[in-house]
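Next comes entry28.txt, with compact mmCIF, C-alpha atoms and all ligand atoms.
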```txt
# COMPACT_ATOMS: atom_id res chain seq x y z
CA MET A 12 -23.31 -45.75 -51.92
CA SER A 13 -22.29 -46.84 -55.38
CA ALA A 14 -20.06 -44.69 -57.58
CA LYS A 15 -21.23 -43.22 -60.86
CA ILE A 16 -19.59 -45.02 -63.79
CA ILE A 17 -17.85 -42.66 -66.19
CA SER A 18 -18.41 -44.32 -69.55
CA GLY A 19 -15.48 -43.60 -71.84
CA SER A 20 -17.37 -45.38 -74.61
CA GLU A 21 -20.28 -42.92 -74.39
CA ILE A 22 -18.15 -39.79 -74.03
CA ALA A 23 -15.95 -40.99 -76.90
CA ARG A 24 -19.05 -41.43 -79.07
CA THR A 25 -20.12 -37.83 -78.41
CA ILE A 26 -16.65 -36.49 -79.22
CA ARG A 27 -16.42 -38.63 -82.37
CA GLU A 28 -19.68 -37.04 -83.55
CA GLU A 29 -18.09 -33.63 -83.02
CA ILE A 30 -14.98 -34.77 -84.94
CA ALA A 31 -17.14 -36.16 -87.78
CA ARG A 32 -18.87 -32.76 -88.14
CA GLU A 33 -15.51 -30.99 -88.24
CA ALA A 34 -14.12 -33.48 -90.80
CA LEU A 35 -17.22 -32.96 -92.96
CA ARG A 36 -16.77 -29.16 -92.78
CA LEU A 37 -13.13 -29.60 -93.88
CA ARG A 38 -14.19 -31.74 -96.81
CA GLN A 39 -17.09 -29.53 -97.91
CA GLU A 40 -15.46 -26.12 -97.43
CA TYR A 41 -11.83 -26.88 -98.29
CA GLY A 42 -11.78 -30.26 -100.07
CA ILE A 43 -9.47 -31.66 -97.39
CA VAL A 44 -9.62 -35.28 -96.13
CA PRO A 45 -7.63 -35.92 -92.93
CA GLY A 46 -5.00 -38.63 -93.53
CA LEU A 47 -3.52 -40.98 -90.93
CA VAL A 48 -0.89 -43.70 -91.19
CA THR A 49 -0.46 -46.22 -88.39
CA ILE A 50 2.82 -48.12 -88.40
CA LEU A 51 2.97 -51.47 -86.64
CA VAL A 52 6.23 -53.36 -86.13
CA GLY A 53 5.82 -57.06 -85.38
CA GLU A 54 2.66 -58.83 -84.24
CA HIS A 55 2.35 -58.23 -80.50
CA PRO A 56 -1.34 -59.09 -79.83
CA ALA A 57 -2.12 -55.97 -77.76
CA SER A 58 -0.46 -53.69 -80.33
CA VAL A 59 -2.30 -55.43 -83.20
CA SER A 60 -5.60 -54.89 -81.42
CA TYR A 61 -4.86 -51.18 -80.67
CA VAL A 62 -3.79 -50.46 -84.24
CA THR A 63 -6.84 -52.28 -85.64
CA ALA A 64 -9.10 -50.15 -83.43
CA LYS A 65 -7.33 -46.94 -84.57
CA GLN A 66 -7.73 -47.91 -88.23
CA ARG A 67 -11.41 -48.76 -87.67
CA ALA A 68 -12.03 -45.36 -86.05
CA ALA A 69 -10.29 -43.56 -88.93
CA HIS A 70 -12.33 -45.56 -91.42
CA GLU A 71 -15.62 -44.76 -89.65
CA LEU A 72 -14.77 -41.04 -89.81
CA ALA A 73 -14.04 -41.42 -93.55
CA PHE A 74 -10.40 -40.34 -93.14
CA TYR A 75 -7.78 -41.36 -95.67
CA SER A 76 -5.98 -44.07 -93.71
CA VAL A 77 -3.03 -46.33 -94.34
CA GLN A 78 -1.84 -49.31 -92.31
CA GLU A 79 1.88 -50.15 -92.55
CA ASN A 80 2.83 -53.57 -91.20
CA LEU A 81 6.56 -54.08 -90.79
CA PRO A 82 8.26 -57.29 -89.66
CA GLU A 83 9.69 -57.65 -86.13
CA THR A 84 13.15 -57.81 -87.79
CA VAL A 85 12.90 -54.39 -89.48
CA THR A 86 16.01 -52.26 -88.92
CA GLU A 87 16.03 -48.81 -87.35
CA GLN A 88 17.13 -47.37 -90.69
CA GLU A 89 14.32 -49.07 -92.62
CA LEU A 90 11.77 -47.81 -90.11
CA GLU A 91 13.16 -44.26 -90.33
CA LYS A 92 12.97 -44.48 -94.12
CA CYS A 93 9.33 -45.56 -93.91
CA ILE A 94 8.53 -42.64 -91.59
CA ASP A 95 10.29 -40.23 -93.90
CA ARG A 96 8.14 -41.36 -96.81
CA TYR A 97 5.05 -40.32 -94.85
CA ASN A 98 6.72 -37.12 -93.60
CA ASN A 99 6.83 -36.15 -97.28
CA ASP A 100 3.39 -37.43 -98.29
CA PRO A 101 0.92 -34.49 -98.48
CA LYS A 102 -2.11 -36.83 -98.19
CA ILE A 103 -0.89 -37.95 -94.75
CA HIS A 104 -1.40 -35.44 -91.92
CA GLY A 105 -0.77 -37.76 -88.98
CA ILE A 106 1.85 -40.47 -88.36
CA LEU A 107 1.55 -42.96 -85.50
CA VAL A 108 4.18 -45.57 -84.72
CA GLN A 109 2.65 -48.06 -82.30
CA LEU A 110 4.75 -48.55 -79.16
CA PRO A 111 6.46 -50.50 -77.70
CA LEU A 112 8.98 -51.24 -80.44
CA PRO A 113 11.26 -54.32 -80.52
CA ARG A 114 14.31 -54.00 -78.27
CA HIS A 115 16.79 -53.58 -81.13
CA ILE A 116 15.10 -50.31 -82.11
CA HIS A 117 15.79 -47.10 -80.19
CA GLU A 118 12.29 -45.82 -79.48
CA GLN A 119 13.20 -42.17 -78.92
CA LYS A 120 15.22 -42.08 -82.14
CA ILE A 121 12.12 -43.25 -84.02
CA ILE A 122 9.84 -40.70 -82.34
CA ASN A 123 12.40 -38.00 -83.23
CA ALA A 124 12.19 -39.04 -86.90
CA ILE A 125 8.50 -38.06 -87.14
CA ASP A 126 7.80 -34.56 -88.46
CA PRO A 127 6.56 -32.70 -85.31
CA ASP A 128 3.70 -31.25 -87.39
CA LYS A 129 2.50 -34.82 -88.14
CA ASP A 130 3.16 -36.15 -84.63
CA VAL A 131 -0.49 -36.86 -83.72
CA ASP A 132 0.65 -38.88 -80.69
CA GLY A 133 2.23 -35.70 -79.25
CA PHE A 134 5.36 -37.65 -78.25
CA HIS A 135 8.00 -35.69 -80.23
CA PRO A 136 10.31 -33.57 -78.03
CA VAL A 137 9.13 -30.44 -79.88
CA ASN A 138 5.50 -31.17 -78.97
CA LEU A 139 6.41 -32.08 -75.38
CA GLY A 140 8.29 -28.76 -75.18
CA ARG A 141 5.22 -26.93 -76.49
CA LEU A 142 3.13 -28.74 -73.88
CA MET A 143 5.45 -27.51 -71.11
CA ILE A 144 5.04 -23.92 -72.31
CA GLY A 145 1.26 -24.33 -72.54
CA GLY A 146 -1.35 -21.95 -73.99
CA ASP A 147 -1.11 -21.15 -77.70
CA ALA A 148 2.23 -22.97 -77.99
CA VAL A 149 0.46 -26.36 -77.80
CA LYS A 150 -0.28 -28.08 -81.12
CA PHE A 151 -1.05 -31.69 -80.17
CA LEU A 152 -1.98 -32.95 -76.72
CA PRO A 153 -0.81 -36.54 -76.12
CA CYS A 154 -3.87 -38.72 -76.71
CA THR A 155 -4.29 -40.62 -73.43
CA PRO A 156 -3.76 -37.55 -71.19
CA ALA A 157 -6.10 -35.52 -73.44
CA GLY A 158 -8.73 -38.26 -73.19
CA ILE A 159 -8.40 -38.37 -69.40
CA GLN A 160 -8.86 -34.60 -69.18
CA GLN A 161 -12.00 -34.82 -71.32
CA LEU A 162 -13.37 -37.65 -69.12
CA ILE A 163 -12.87 -35.61 -65.94
CA VAL A 164 -14.36 -32.40 -67.36
CA ARG A 165 -17.27 -34.04 -69.19
CA ALA A 166 -18.14 -36.12 -66.09
CA GLY A 167 -18.67 -32.78 -64.34
CA TYR A 168 -15.61 -32.69 -62.07
CA THR A 169 -13.78 -29.41 -61.44
CA THR A 170 -10.02 -29.55 -61.77
CA GLU A 171 -9.48 -25.93 -60.66
CA GLY A 172 -7.76 -26.06 -57.25
CA ALA A 173 -8.41 -29.81 -56.95
CA GLU A 174 -5.89 -32.21 -55.43
CA VAL A 175 -4.94 -34.48 -58.32
CA VAL A 176 -2.75 -37.49 -57.66
CA ILE A 177 -1.28 -39.37 -60.62
CA VAL A 178 0.13 -42.85 -60.00
CA GLY A 179 2.83 -43.49 -62.62
CA ARG A 180 5.39 -41.29 -64.39
CA SER A 181 5.53 -42.69 -67.92
CA ASN A 182 6.32 -40.46 -70.90
CA ILE A 183 2.99 -41.48 -72.46
CA VAL A 184 0.65 -40.79 -69.52
CA GLY A 185 1.96 -39.67 -66.12
CA LYS A 186 4.48 -36.99 -67.06
CA PRO A 187 2.50 -35.20 -69.82
CA LEU A 188 -0.75 -35.43 -67.84
CA ALA A 189 0.89 -33.79 -64.81
CA VAL A 190 2.07 -30.93 -67.03
CA MET A 191 -1.37 -30.52 -68.62
CA LEU A 192 -3.31 -30.49 -65.36
CA MET A 193 -1.00 -28.00 -63.65
CA GLN A 194 -1.32 -25.38 -66.42
CA LYS A 195 -3.24 -22.20 -65.68
CA ALA A 196 -6.02 -23.13 -68.07
CA ARG A 197 -9.59 -24.37 -68.23
CA GLY A 198 -9.88 -28.06 -67.38
CA ALA A 199 -6.59 -27.75 -65.48
CA ASN A 200 -5.21 -25.42 -62.74
CA ALA A 201 -5.00 -28.35 -60.32
CA THR A 202 -2.52 -29.11 -57.54
CA VAL A 203 -0.77 -32.14 -59.01
CA THR A 204 1.22 -34.84 -57.21
CA VAL A 205 2.94 -37.60 -59.18
CA VAL A 206 3.71 -40.78 -57.26
CA HIS A 207 5.81 -43.69 -58.50
CA THR A 208 7.68 -46.85 -57.55
CA ALA A 209 10.04 -44.99 -55.17
CA THR A 210 7.24 -43.15 -53.34
CA LYS A 211 7.30 -44.01 -49.62
CA ASP A 212 3.61 -44.15 -48.77
CA LEU A 213 1.55 -44.51 -51.93
CA ALA A 214 -1.70 -45.04 -50.05
CA ALA A 215 -1.35 -41.83 -47.99
CA HIS A 216 -0.85 -39.73 -51.14
CA CYS A 217 -3.75 -41.39 -52.96
CA ARG A 218 -6.06 -40.80 -49.99
CA ARG A 219 -5.64 -37.03 -50.39
CA ALA A 220 -6.80 -37.07 -54.00
CA ASP A 221 -10.03 -35.40 -55.13
CA ILE A 222 -9.12 -36.82 -58.54
CA LEU A 223 -7.04 -40.01 -58.57
CA ILE A 224 -5.52 -41.14 -61.86
CA VAL A 225 -3.85 -44.54 -61.89
CA ALA A 226 -1.47 -45.51 -64.69
CA ALA A 227 0.83 -47.99 -63.00
CA GLY A 228 0.29 -51.17 -65.04
CA VAL A 229 -0.27 -53.23 -61.89
CA PRO A 230 -3.63 -55.04 -61.78
CA GLY A 231 -5.71 -54.15 -58.72
CA LEU A 232 -2.94 -52.00 -57.18
CA VAL A 233 -5.30 -49.39 -55.71
CA LYS A 234 -7.35 -50.71 -52.81
CA PRO A 235 -10.59 -49.12 -51.59
CA ASP A 236 -8.95 -47.66 -48.47
CA TRP A 237 -6.57 -45.69 -50.74
CA ILE A 238 -9.53 -43.71 -52.09
CA LYS A 239 -10.98 -40.55 -50.57
CA PRO A 240 -14.77 -40.96 -50.21
CA GLY A 241 -16.47 -39.30 -53.19
CA ALA A 242 -13.25 -39.00 -55.27
CA CYS A 243 -13.17 -39.22 -59.05
CA VAL A 244 -11.08 -42.26 -60.00
CA ILE A 245 -9.62 -42.67 -63.49
CA ASP A 246 -8.17 -46.12 -64.13
CA VAL A 247 -5.72 -46.12 -67.04
CA GLY A 248 -4.52 -49.69 -66.52
CA VAL A 249 -5.31 -52.31 -69.15
CA ASN A 250 -3.81 -55.52 -67.79
CA ARG A 251 -4.32 -58.87 -69.53
CA VAL A 252 -4.90 -61.29 -66.65
CA GLY A 253 -6.14 -64.31 -68.61
CA GLU A 254 -8.26 -65.44 -71.56
CA LYS A 255 -11.90 -66.36 -72.07
CA THR A 256 -14.06 -67.50 -74.97
CA SER A 257 -16.29 -64.82 -76.45
CA GLU A 258 -19.99 -65.75 -76.33
CA LYS A 259 -20.59 -63.78 -79.55
CA THR A 260 -17.76 -65.04 -81.76
CA GLY A 261 -16.50 -68.17 -79.98
CA LYS A 262 -12.98 -66.74 -80.25
CA LYS A 263 -10.48 -66.45 -77.39
CA ILE A 264 -10.41 -62.92 -75.99
CA PRO A 265 -8.26 -61.44 -73.21
CA ILE A 266 -9.65 -60.86 -69.73
CA LEU A 267 -8.77 -57.26 -68.90
CA ARG A 268 -8.35 -55.79 -65.46
CA GLY A 269 -7.53 -52.23 -64.41
CA ASP A 270 -5.06 -50.89 -61.85
CA VAL A 271 -7.90 -50.26 -59.39
CA ASP A 272 -9.81 -52.90 -57.41
CA PHE A 273 -12.98 -51.85 -59.27
CA GLU A 274 -15.75 -53.65 -57.35
CA ALA A 275 -14.48 -52.49 -53.95
CA ALA A 276 -13.69 -48.98 -55.20
CA MET A 277 -17.31 -48.61 -56.40
CA GLU A 278 -18.38 -48.43 -52.74
CA ILE A 279 -16.05 -45.52 -51.89
CA ALA A 280 -15.45 -43.41 -55.01
CA GLY A 281 -17.88 -40.77 -56.28
CA ALA A 282 -17.20 -41.75 -59.89
CA ILE A 283 -14.94 -44.28 -61.59
CA THR A 284 -13.97 -45.37 -65.09
CA PRO A 285 -14.44 -49.06 -66.00
CA VAL A 286 -11.87 -51.31 -67.70
CA PRO A 287 -12.51 -51.87 -70.54
CA GLY A 288 -14.75 -49.01 -71.74
CA GLY A 289 -13.11 -46.16 -69.82
CA VAL A 290 -9.88 -44.52 -70.93
CA GLY A 291 -9.22 -46.85 -73.91
CA PRO A 292 -11.87 -45.50 -76.31
CA MET A 293 -10.87 -41.95 -75.38
CA THR A 294 -7.23 -42.43 -76.42
CA ILE A 295 -8.30 -43.48 -79.91
CA THR A 296 -10.81 -40.63 -80.12
CA MET A 297 -8.21 -38.00 -79.23
CA LEU A 298 -5.94 -39.47 -81.90
CA MET A 299 -8.71 -38.81 -84.43
CA ALA A 300 -9.13 -35.25 -83.04
CA ASN A 301 -5.37 -34.66 -83.44
CA THR A 302 -5.46 -35.95 -87.02
CA VAL A 303 -8.17 -33.42 -87.92
CA LYS A 304 -6.13 -30.70 -86.18
CA ALA A 305 -3.00 -31.75 -88.14
CA ALA A 306 -4.94 -31.42 -91.41
CA GLN A 307 -6.17 -27.97 -90.34
CA TYR A 308 -2.70 -26.77 -89.32
CA ALA A 309 -1.26 -28.00 -92.63
CA ALA A 310 -3.78 -25.91 -94.57
CA ASN A 311 -3.76 -22.92 -92.16
CA ILE A 312 -7.44 -23.40 -91.36
CA PRO A 313 -8.68 -21.98 -88.03
CA LEU A 314 -9.62 -24.67 -85.51
CA ALA A 315 -13.30 -25.00 -84.61
CA ALA A 316 -13.05 -28.10 -82.42
CA LYS A 317 -13.07 -27.68 -78.64
CA HIS A 318 -10.69 -30.52 -77.78
N1 LIG B 1 1.27 -47.76 -76.98
C1 LIG B 1 0.45 -47.62 -75.90
N2 LIG B 1 -0.19 -46.45 -75.95
C2 LIG B 1 0.21 -45.82 -77.08
C3 LIG B 1 -0.12 -44.57 -77.68
O1 LIG B 1 -0.91 -43.77 -77.16
N3 LIG B 1 0.50 -44.31 -78.87
C4 LIG B 1 1.40 -45.15 -79.43
N4 LIG B 1 1.98 -44.79 -80.56
N5 LIG B 1 1.74 -46.31 -78.89
C5 LIG B 1 1.14 -46.64 -77.72
```

Write the structure described by the file as C-alpha cells, please.
Amino acid sequence: MSAKIISGSEIARTIREEIAREALRLRQEYGIVPGLVTILVGEHPASVSYVTAKQRAAHELAFYSVQENLPETVTEQELEKCIDRYNNDPKIHGILVQLPLPRHIHEQKIINAIDPDKDVDGFHPVNLGRLMIGGDAVKFLPCTPAGIQQLIVRAGYTTEGAEVVIVGRSNIVGKPLAVMLMQKARGANATVTVVHTATKDLAAHCRRADILIVAAGVPGLVKPDWIKPGACVIDVGVNRVGEKTSEKTGKKIPILRGDVDFEAAMEIAGAITPVPGGVGPMTITMLMANTVKAAQYAANIPLAAKH
C-alpha cells in the first residue's frame, strides 16, 4: 500500500485564497492594507530564500511589504533600533526577523524587542504565554506549528484523543506545537509525547504514534519500522544534502531531504508530507494569515478567518 501524499502546496493555495478574500474585505470595508516587514541579517542562502518567498507571498496578496537587509556585522543595538522604527510605524502590522541571527546577537533579546501585537511569528514571550493559556488568550499561533495543525486537520485526520509524537523540542516547532495539540480545543485535544536527543528509545515512542511529527533536522532519521502502519507522518525537516542544476533555469539549486526516509515510509504510513512541498509552503501561508490578523487586531475588527 502506498501512502496518500499530503500536499502542503495545494492546502497552502486554498488557505491563501481564503486570506486573499479576507484581505480584500479589509481593504474594501475599512480601507486597511495589511503591512509586513521582513528583516534579514546577513546573506545566509537558506535565510535569503525563505525571506524572498515570504516577500513574494506578501506581494501576491497585495500587502504593503518592506524588506530590510542588514549586514552580518550589524550590532544588537542597531537591530533593536530598526525593530523599534517598525514598532512605531502604523502602516506595518507584522514584524518578522529571520532566524538564525549571527552569533554576536542575542536572539531572545531581539525577539523581546518586537511589539507583541506585531509579533506575527508568535515567538515573543507574551505570545508564547498566551499560547500556554489557550482559548481566547491566543493572538498569534507560531507559523510552522499552525501550518502543521492545518495540514493534519485538512488532510482529514482526527487529533482528538490521538497519540501524537513530536520528534524535536525547538522553540520554533516542537515546544509550541506540543502546547497547541494538547489544548482542549478543535484540531487539538491529543495525547502528546515530545521526544528529543536524550530520549532512550526513539523508535519505540514513534511506533506508538497515530500522528508522527518530525522536526529533528537530521536527514532520513525516521526509518520505516519506526512508523505505525497507517499513521499520518508530518516531516518538518528541510535538510540541504547537496546541489543540482535546475533544468528550468540552469542555476544551481539545493537538493533537499526531509527527516523521514520518504520512499520507504510511503509503504507503511497512511499519509505523509513531501519535502519540499509539505510543511514549507504552510509556514509562509500562516505568516500571511497572522499579518491579516495583526491588521484586524490593530483596528479592532472582528476576525472572520478560520485559521
Ligand atoms: N527560521 C526558520 N524558521 C523560521 C520562522 O518560522 N520564523 C523566523 N523568523 N525565522 C525562522

Counting all atoms listed in the file, what residues are within 9 Å of ligand LIG 1 (chain B), given as a count of residues only? 25

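Atom CA of Asp130 of chain A is found 18.2 Å from atom CA of Ile30 of chain A.
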
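One finds atom CA of Val303 of chain A at 19.3 Å from atom CA of Gly146 of chain A.
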
Å distance separating atom CA of Pro240 of chain A from atom CA of Gly172 of chain A, one decimal place: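 Computing the Euclidean distance for atom CA of Pro240 of chain A and atom CA of Gly172 of chain A yields 17.9 Å.
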
Which is closest to Glu118 of chain A among A:Arg268, A:His104, A:Arg219, A:His135, if we use all atoms listed in the file?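 Checking each of A:Arg268, A:His104, A:Arg219, A:His135 against Glu118 of chain A, counting all atoms listed in the file, the winner is A:His135.
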
Give me, as a ChimeraX atom specification, all polymer residues having an atom no more than 6 Å from Glu171 of chain A, counting only C-alpha atoms and skipping those fewer than 5 positions away in the same chain. /A:199-201

Just checking: using all atoms listed in the file, which residue out of A:Gly179, A:Gly140, A:Gly269, A:Gly253 ends up closest to Met191 of chain A?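 Once distances to Met191 of chain A are computed over all atoms listed in the file, the minimum belongs to A:Gly140.
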
Given all atoms listed in the file as the basis, pick out the residue of A:Lys195, A:Lys234, A:Arg251, A:Lys263 nearest to Ala276 of chain A.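 Answer, going by the shortest atom-to-atom distance: A:Lys234.
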
Residues within 12 Å of Leu35 of chain A, all atoms listed in the file, excluding chain neighbours under 6 positions, as number ranges by chain: A: 28-29, 41-45, 72-74, 303

Can you tell me which residues surround Gln161 of chain A at a distance of at most 9 Å, considering only C-alpha atoms, apart from same-chain residues fewer than 5 positions away, and format the answer as a list in words?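 Here the answer would be Ile22, Pro156, Ala166, Gly198, Met293 and His318 of chain A.
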
Dump as a short mmCIF file (atom, residue, chain, number, x, y, z; two decimals), keeping the file's coordinate frame, selection limited to C-alpha atoms:
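To be explicit, this is the file written out as selection27.cif:
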```cif
data_model
loop_
_atom_site.label_atom_id
_atom_site.label_comp_id
_atom_site.auth_asym_id
_atom_site.auth_seq_id
_atom_site.Cartn_x
_atom_site.Cartn_y
_atom_site.Cartn_z
CA ILE A 22 -18.15 -39.79 -74.03
CA PRO A 156 -3.76 -37.55 -71.19
CA ALA A 166 -18.14 -36.12 -66.09
CA GLY A 198 -9.88 -28.06 -67.38
CA MET A 293 -10.87 -41.95 -75.38
CA HIS A 318 -10.69 -30.52 -77.78
#
```

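Between Asn80 of chain A and the candidates A:Val229, A:Ile283, A:Ile125, A:Leu51, the tightest atom-to-atom separation, counting only C-alpha atoms, involves A:Leu51.
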
Missing atoms in segment 112-123 of chain A: fill them in up to N, CA, C and O atoms and send the result as a PDB file, keeping the file's coordinate frame.
```pdb
ATOM      1  N   LEU A 112       8.283 -50.705 -79.275  1.00  0.00           N
ATOM      2  CA  LEU A 112       8.980 -51.240 -80.440  1.00  0.00           C
ATOM      3  C   LEU A 112       9.909 -52.367 -79.974  1.00  0.00           C
ATOM      4  O   LEU A 112      10.253 -52.435 -78.788  1.00  0.00           O
ATOM      5  N   PRO A 113      10.323 -53.264 -80.913  1.00  0.00           N
ATOM      6  CA  PRO A 113      11.260 -54.320 -80.520  1.00  0.00           C
ATOM      7  C   PRO A 113      12.533 -53.729 -79.893  1.00  0.00           C
ATOM      8  O   PRO A 113      12.886 -52.582 -80.179  1.00  0.00           O
ATOM      9  N   ARG A 114      13.187 -54.522 -79.067  1.00  0.00           N
ATOM     10  CA  ARG A 114      14.310 -54.000 -78.270  1.00  0.00           C
ATOM     11  C   ARG A 114      15.491 -53.498 -79.093  1.00  0.00           C
ATOM     12  O   ARG A 114      16.262 -52.658 -78.632  1.00  0.00           O
ATOM     13  N   HIS A 115      15.636 -54.015 -80.335  1.00  0.00           N
ATOM     14  CA  HIS A 115      16.790 -53.580 -81.130  1.00  0.00           C
ATOM     15  C   HIS A 115      16.566 -52.184 -81.739  1.00  0.00           C
ATOM     16  O   HIS A 115      17.463 -51.635 -82.373  1.00  0.00           O
ATOM     17  N   ILE A 116      15.388 -51.639 -81.546  1.00  0.00           N
ATOM     18  CA  ILE A 116      15.100 -50.310 -82.110  1.00  0.00           C
ATOM     19  C   ILE A 116      15.042 -49.278 -80.986  1.00  0.00           C
ATOM     20  O   ILE A 116      14.376 -49.486 -79.971  1.00  0.00           O
ATOM     21  N   HIS A 117      15.742 -48.171 -81.189  1.00  0.00           N
ATOM     22  CA  HIS A 117      15.790 -47.100 -80.190  1.00  0.00           C
ATOM     23  C   HIS A 117      14.521 -46.257 -80.343  1.00  0.00           C
ATOM     24  O   HIS A 117      14.383 -45.504 -81.312  1.00  0.00           O
ATOM     25  N   GLU A 118      13.623 -46.414 -79.364  1.00  0.00           N
ATOM     26  CA  GLU A 118      12.290 -45.820 -79.480  1.00  0.00           C
ATOM     27  C   GLU A 118      12.343 -44.294 -79.665  1.00  0.00           C
ATOM     28  O   GLU A 118      11.664 -43.747 -80.530  1.00  0.00           O
ATOM     29  N   GLN A 119      13.163 -43.643 -78.849  1.00  0.00           N
ATOM     30  CA  GLN A 119      13.200 -42.170 -78.920  1.00  0.00           C
ATOM     31  C   GLN A 119      13.712 -41.688 -80.274  1.00  0.00           C
ATOM     32  O   GLN A 119      13.232 -40.693 -80.808  1.00  0.00           O
ATOM     33  N   LYS A 120      14.676 -42.446 -80.826  1.00  0.00           N
ATOM     34  CA  LYS A 120      15.220 -42.080 -82.140  1.00  0.00           C
ATOM     35  C   LYS A 120      14.110 -42.116 -83.194  1.00  0.00           C
ATOM     36  O   LYS A 120      14.041 -41.256 -84.079  1.00  0.00           O
ATOM     37  N   ILE A 121      13.232 -43.094 -83.073  1.00  0.00           N
ATOM     38  CA  ILE A 121      12.120 -43.250 -84.020  1.00  0.00           C
ATOM     39  C   ILE A 121      11.107 -42.116 -83.847  1.00  0.00           C
ATOM     40  O   ILE A 121      10.635 -41.514 -84.819  1.00  0.00           O
ATOM     41  N   ILE A 122      10.785 -41.807 -82.600  1.00  0.00           N
ATOM     42  CA  ILE A 122       9.840 -40.700 -82.340  1.00  0.00           C
ATOM     43  C   ILE A 122      10.434 -39.400 -82.911  1.00  0.00           C
ATOM     44  O   ILE A 122       9.732 -38.594 -83.524  1.00  0.00           O
ATOM     45  N   ASN A 123      11.742 -39.219 -82.727  1.00  0.00           N
ATOM     46  CA  ASN A 123      12.400 -38.000 -83.230  1.00  0.00           C
ATOM     47  C   ASN A 123      12.349 -37.893 -84.748  1.00  0.00           C
ATOM     48  O   ASN A 123      12.472 -36.797 -85.292  1.00  0.00           O
TER      49      ASN A 123
END
```
